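Source file: structure-v8.cif. Holds: mmCIF, C-alpha atoms and all ligand atoms.
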data_model
#
loop_
_atom_site.label_atom_id
_atom_site.label_comp_id
_atom_site.auth_asym_id
_atom_site.auth_seq_id
_atom_site.Cartn_x
_atom_site.Cartn_y
_atom_site.Cartn_z
CA MET A 11 12.07 -18.60 -17.32
CA LYS A 12 9.83 -20.29 -14.84
CA ALA A 13 10.39 -17.63 -12.20
CA VAL A 14 9.59 -14.90 -14.71
CA ALA A 15 6.31 -16.53 -15.63
CA VAL A 16 5.27 -16.84 -12.00
CA LEU A 17 6.09 -13.21 -11.38
CA ALA A 18 4.06 -12.08 -14.37
CA LEU A 19 1.09 -14.09 -13.20
CA SER A 20 1.21 -12.70 -9.71
CA LEU A 21 1.44 -9.16 -11.04
CA MET A 22 -1.65 -9.70 -13.14
CA ALA A 23 -3.50 -11.10 -10.17
CA LEU A 24 -2.50 -8.22 -7.95
CA ALA A 25 -3.32 -5.56 -10.49
CA ALA A 26 -7.02 -6.04 -9.89
CA CYS A 27 -7.44 -4.46 -6.52
CA GLY A 28 -10.31 -6.61 -5.40
CA LYS A 29 -8.56 -9.90 -5.92
CA VAL A 30 -6.46 -11.09 -3.06
CA GLU A 31 -3.54 -13.42 -3.49
CA GLU A 32 -1.79 -15.15 -0.65
CA GLN A 33 1.74 -14.70 -1.96
CA THR A 34 1.72 -11.06 -0.90
CA SER A 35 2.89 -12.01 2.60
CA VAL A 36 6.38 -11.01 1.50
CA ALA A 37 5.30 -7.39 1.68
CA ALA A 38 6.23 -7.07 5.33
CA SER A 39 9.87 -7.76 4.61
CA SER A 40 10.05 -5.47 1.64
CA SER A 41 13.31 -4.21 0.26
CA ASN A 42 11.56 -1.53 -1.73
CA VAL A 43 11.67 1.05 1.03
CA ASN A 44 12.33 4.60 0.02
CA GLY A 45 13.16 5.80 3.48
CA ILE A 46 11.69 6.23 6.90
CA ILE A 47 9.62 9.21 7.88
CA THR A 48 9.01 9.97 11.49
CA ASN A 49 6.54 12.52 12.73
CA THR A 50 6.87 12.59 16.50
CA LYS A 51 4.55 9.68 17.12
CA VAL A 52 4.09 7.75 13.93
CA LEU A 53 6.76 5.86 12.04
CA MET A 54 6.04 5.11 8.42
CA THR A 55 7.91 2.55 6.38
CA ASP A 56 7.30 0.31 3.37
CA TYR A 57 5.32 2.84 1.45
CA ALA A 58 4.77 2.57 -2.26
CA MET A 59 2.20 3.09 -4.99
CA ARG A 60 1.25 0.56 -7.61
CA ALA A 61 1.84 1.83 -11.13
CA ALA A 62 -1.25 2.50 -13.23
CA LEU A 63 -1.95 -0.56 -15.31
CA GLY A 64 -3.22 -0.27 -18.87
CA THR A 65 -6.38 1.77 -18.88
CA ASN A 66 -7.35 0.86 -15.31
CA PRO A 67 -8.70 4.08 -13.77
CA ASN A 68 -7.73 2.97 -10.28
CA THR A 69 -4.67 1.93 -8.34
CA ALA A 70 -3.61 1.51 -4.75
CA ALA A 71 -0.95 2.68 -2.33
CA TYR A 72 0.57 1.04 0.70
CA VAL A 73 2.28 2.00 3.93
CA THR A 74 3.21 0.48 7.26
CA ILE A 75 2.58 2.76 10.22
CA LYS A 76 3.80 2.23 13.74
CA ASN A 77 2.38 4.22 16.61
CA GLY A 78 5.34 4.99 18.82
CA GLY A 79 3.40 7.39 21.01
CA ASP A 80 1.46 6.74 24.20
CA LYS A 81 -2.00 7.57 22.83
CA PRO A 82 -4.10 5.89 20.17
CA GLU A 83 -3.66 7.40 16.75
CA THR A 84 -6.23 7.08 14.00
CA LEU A 85 -5.45 7.25 10.32
CA LEU A 86 -8.52 9.18 9.21
CA SER A 87 -8.00 9.69 5.52
CA ALA A 88 -5.64 9.81 2.58
CA SER A 89 -5.45 12.18 -0.34
CA CYS A 90 -3.51 12.38 -3.58
CA ALA A 91 -3.48 14.95 -6.37
CA CYS A 92 -3.12 11.96 -8.67
CA ALA A 93 -6.69 10.74 -8.21
CA ALA A 94 -10.22 12.07 -8.03
CA LYS A 95 -10.78 10.09 -4.88
CA ALA A 96 -8.53 8.54 -2.27
CA SER A 97 -9.93 6.40 0.50
CA LEU A 98 -8.94 3.81 3.07
CA HIS A 99 -9.98 0.35 2.03
CA GLU A 100 -10.40 -2.66 4.21
CA MET A 101 -10.48 -6.25 3.04
CA THR A 102 -13.18 -8.37 4.58
CA MET A 103 -14.03 -12.04 4.25
CA THR A 104 -17.74 -12.86 4.00
CA ASP A 105 -18.85 -16.43 3.40
CA GLY A 106 -15.44 -17.24 2.01
CA VAL A 107 -15.45 -14.36 -0.44
CA MET A 108 -12.92 -11.57 -0.08
CA SER A 109 -14.09 -8.08 -0.87
CA MET A 110 -12.97 -4.54 -0.20
CA GLY A 111 -14.78 -1.50 1.04
CA GLU A 112 -14.19 1.85 2.64
CA LYS A 113 -13.04 1.69 6.25
CA THR A 114 -15.52 3.96 7.99
CA GLY A 115 -13.90 6.07 10.68
CA GLY A 116 -10.41 5.15 9.58
CA PHE A 117 -7.85 2.78 11.08
CA GLU A 118 -7.09 3.12 14.77
CA ILE A 119 -3.54 2.29 15.81
CA LYS A 120 -3.06 1.68 19.51
CA PRO A 121 0.20 2.69 21.24
CA GLY A 122 2.96 0.32 20.25
CA GLU A 123 0.88 -1.26 17.51
CA THR A 124 1.49 -1.27 13.79
CA LEU A 125 -0.96 -0.82 10.94
CA VAL A 126 0.04 -2.60 7.76
CA LEU A 127 -1.48 -1.51 4.47
CA ALA A 128 0.05 -3.85 1.93
CA PRO A 129 -0.71 -5.66 -1.32
CA GLY A 130 -3.34 -8.32 -0.76
CA GLY A 131 -4.70 -6.61 2.34
CA ASN A 132 -5.96 -3.29 3.52
CA HIS A 133 -4.81 -0.44 1.31
CA ILE A 134 -5.18 3.14 0.20
CA MET A 135 -7.54 3.10 -2.76
CA LEU A 136 -6.93 5.63 -5.50
CA GLU A 137 -9.89 5.99 -7.83
CA GLY A 138 -10.28 8.10 -10.93
CA LEU A 139 -6.61 8.60 -11.66
CA THR A 140 -5.90 12.04 -13.08
CA GLU A 141 -2.38 11.01 -14.06
CA ARG A 142 -0.74 7.68 -14.83
CA PRO A 143 1.78 6.89 -12.10
CA ALA A 144 4.59 4.90 -13.71
CA GLU A 145 7.43 2.77 -12.39
CA GLY A 146 10.25 4.92 -11.09
CA GLN A 147 8.19 8.02 -10.42
CA THR A 148 7.48 9.46 -7.00
CA VAL A 149 3.96 10.58 -6.17
CA ASN A 150 2.93 12.44 -3.04
CA VAL A 151 0.22 10.97 -0.86
CA THR A 152 -0.99 12.80 2.23
CA LEU A 153 -2.15 10.85 5.24
CA THR A 154 -4.24 12.59 7.87
CA PHE A 155 -4.16 11.43 11.48
CA ASP A 156 -6.34 12.63 14.32
CA GLY A 157 -3.33 13.40 16.51
CA ALA A 158 -0.30 13.67 14.27
CA GLY A 159 -2.13 15.66 11.62
CA PRO A 160 -1.40 15.52 7.91
CA ILE A 161 1.83 13.88 6.79
CA THR A 162 2.86 13.75 3.15
CA LEU A 163 4.85 10.82 1.83
CA GLY A 164 6.68 10.76 -1.48
CA MET A 165 5.69 7.30 -2.56
CA PRO A 166 7.86 5.41 -5.03
CA VAL A 167 5.79 4.01 -7.86
CA SER A 168 6.38 0.40 -8.78
CA ASN A 169 4.89 -2.28 -10.98
CA ALA A 170 5.41 -4.62 -8.03
CA PRO A 171 5.19 -2.43 -4.95
CA LEU A 172 6.88 -3.84 -1.84
CA ALA A 173 7.80 -7.02 -3.65
CA LYS A 174 11.23 -8.47 -3.14
CA THR A 175 13.68 -8.10 -5.96
CA GLY A 176 14.40 -11.32 -7.77
CA THR A 177 18.18 -11.47 -7.58
CA SER A 178 18.32 -13.83 -4.58
CA GLU A 179 16.54 -16.49 -6.62
CA GLU A 180 19.74 -17.06 -8.60
CA HIS A 181 21.23 -19.03 -5.72
CA VAL A 182 18.55 -21.70 -5.89
CA HIS A 183 19.88 -24.89 -7.50
CU CU B 201 -9.60 -1.00 -2.80
#

Can you dump the structure from the file as structure tokens?
Amino acid sequence: MKAVAVLALSLMALAACGKVEEQTSVAASSSNVNGIITNTKVLMTDYAMRAALGTNPNTAAYVTIKNGGDKPETLLSASCACAAKASLHEMTMTDGVMSMGEKTGGFEIKPGETLVLAPGGNHIMLEGLTERPAEGQTVNVTLTFDGAGPITLGMPVSNAPLAKTGTSEEHVH
């Protein structure tokens, strides 16, 4: 019961996009990967969309992108038919207060480097949802790069995107 309560609390905290919680560090080792998509130079893993919560008009999507090419690659923009507006959001800390805002010019990924957009950090912001993405659905999000061009990902929708499943907790005594 205790584990369930903690999970529920963390979901509530994460549902508000502007609030950052430290427990989201597990995102990098996600088991909620729907596949790997490679487009010559960029490798995308750990992509997912957070399910629409209640009447919240906004949600977020996440992806990890590795630049396997020999030139810098910039993620310029994102788009989704599911929302009136999709943008790249960056988390910044100012005077101890975390806030999010649009990343002007996009995210540059140098050769061999990896861009992580994950819960609690930088993310794809989806504002003015025109549908209500729900757990278990797949929603297309298109990412546009300066070199690799547009790449569309079928993102799995989850109430706890990129979170580990809870089954391993059963072994704790
Ligand atoms: Cu945001």

Self-check item: Test item: residues lying within 12 Å of ligand CU 201 (chain B) with all atoms listed in the file, as a ChimeraX atom specification
Solution: /A:24-30,60,68-72,95-102,108-113,127-137

Practice problem: Have a look at A:Ala158, A:Val107, A:Val126, A:Thr152 and name the one nearest to Glu83 (chain A); count all atoms listed in the file. | Solution: A:Ala158

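In terms of minimum interatomic distance to Asn169 (chain A), A:Gly64 ranks closest within A:Met54, A:Gly64, A:Pro82, A:Thr124, counting all atoms listed in the file.
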
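With all atoms listed in the file as the atoms that count, the residue of A:Met165, A:Met103, A:Cys92, A:Ala173 with the shortest distance to Gly146 (chain A) is A:Met165.
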
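Among A:Leu53, A:Leu139, A:Ala144, A:Leu63, the residue with the shortest atom-to-atom distance to Ser168 (chain A), counting all atoms listed in the file, is A:Ala144.
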
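The gap separating CA of Pro121 (chain A) from CA of Asp80 (chain A) is 5.2 Å, in Å to one decimal.
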
Self-check item: For Asn150 (chain A): contacts at 12 Å, all atoms listed in the file, fewer than 5 positions along chain excluded, given as a PyMOL selection string
Solution: chain A and resi 57-59+71+88-93+143+161-167

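We find CA of Leu86 (chain A) and CA of Phe117 (chain A) to be spaced 6.7 Å apart.
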
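Put simply, CA of Ala94 (chain A) is 9.9 Å away from CA of Glu141 (chain A).
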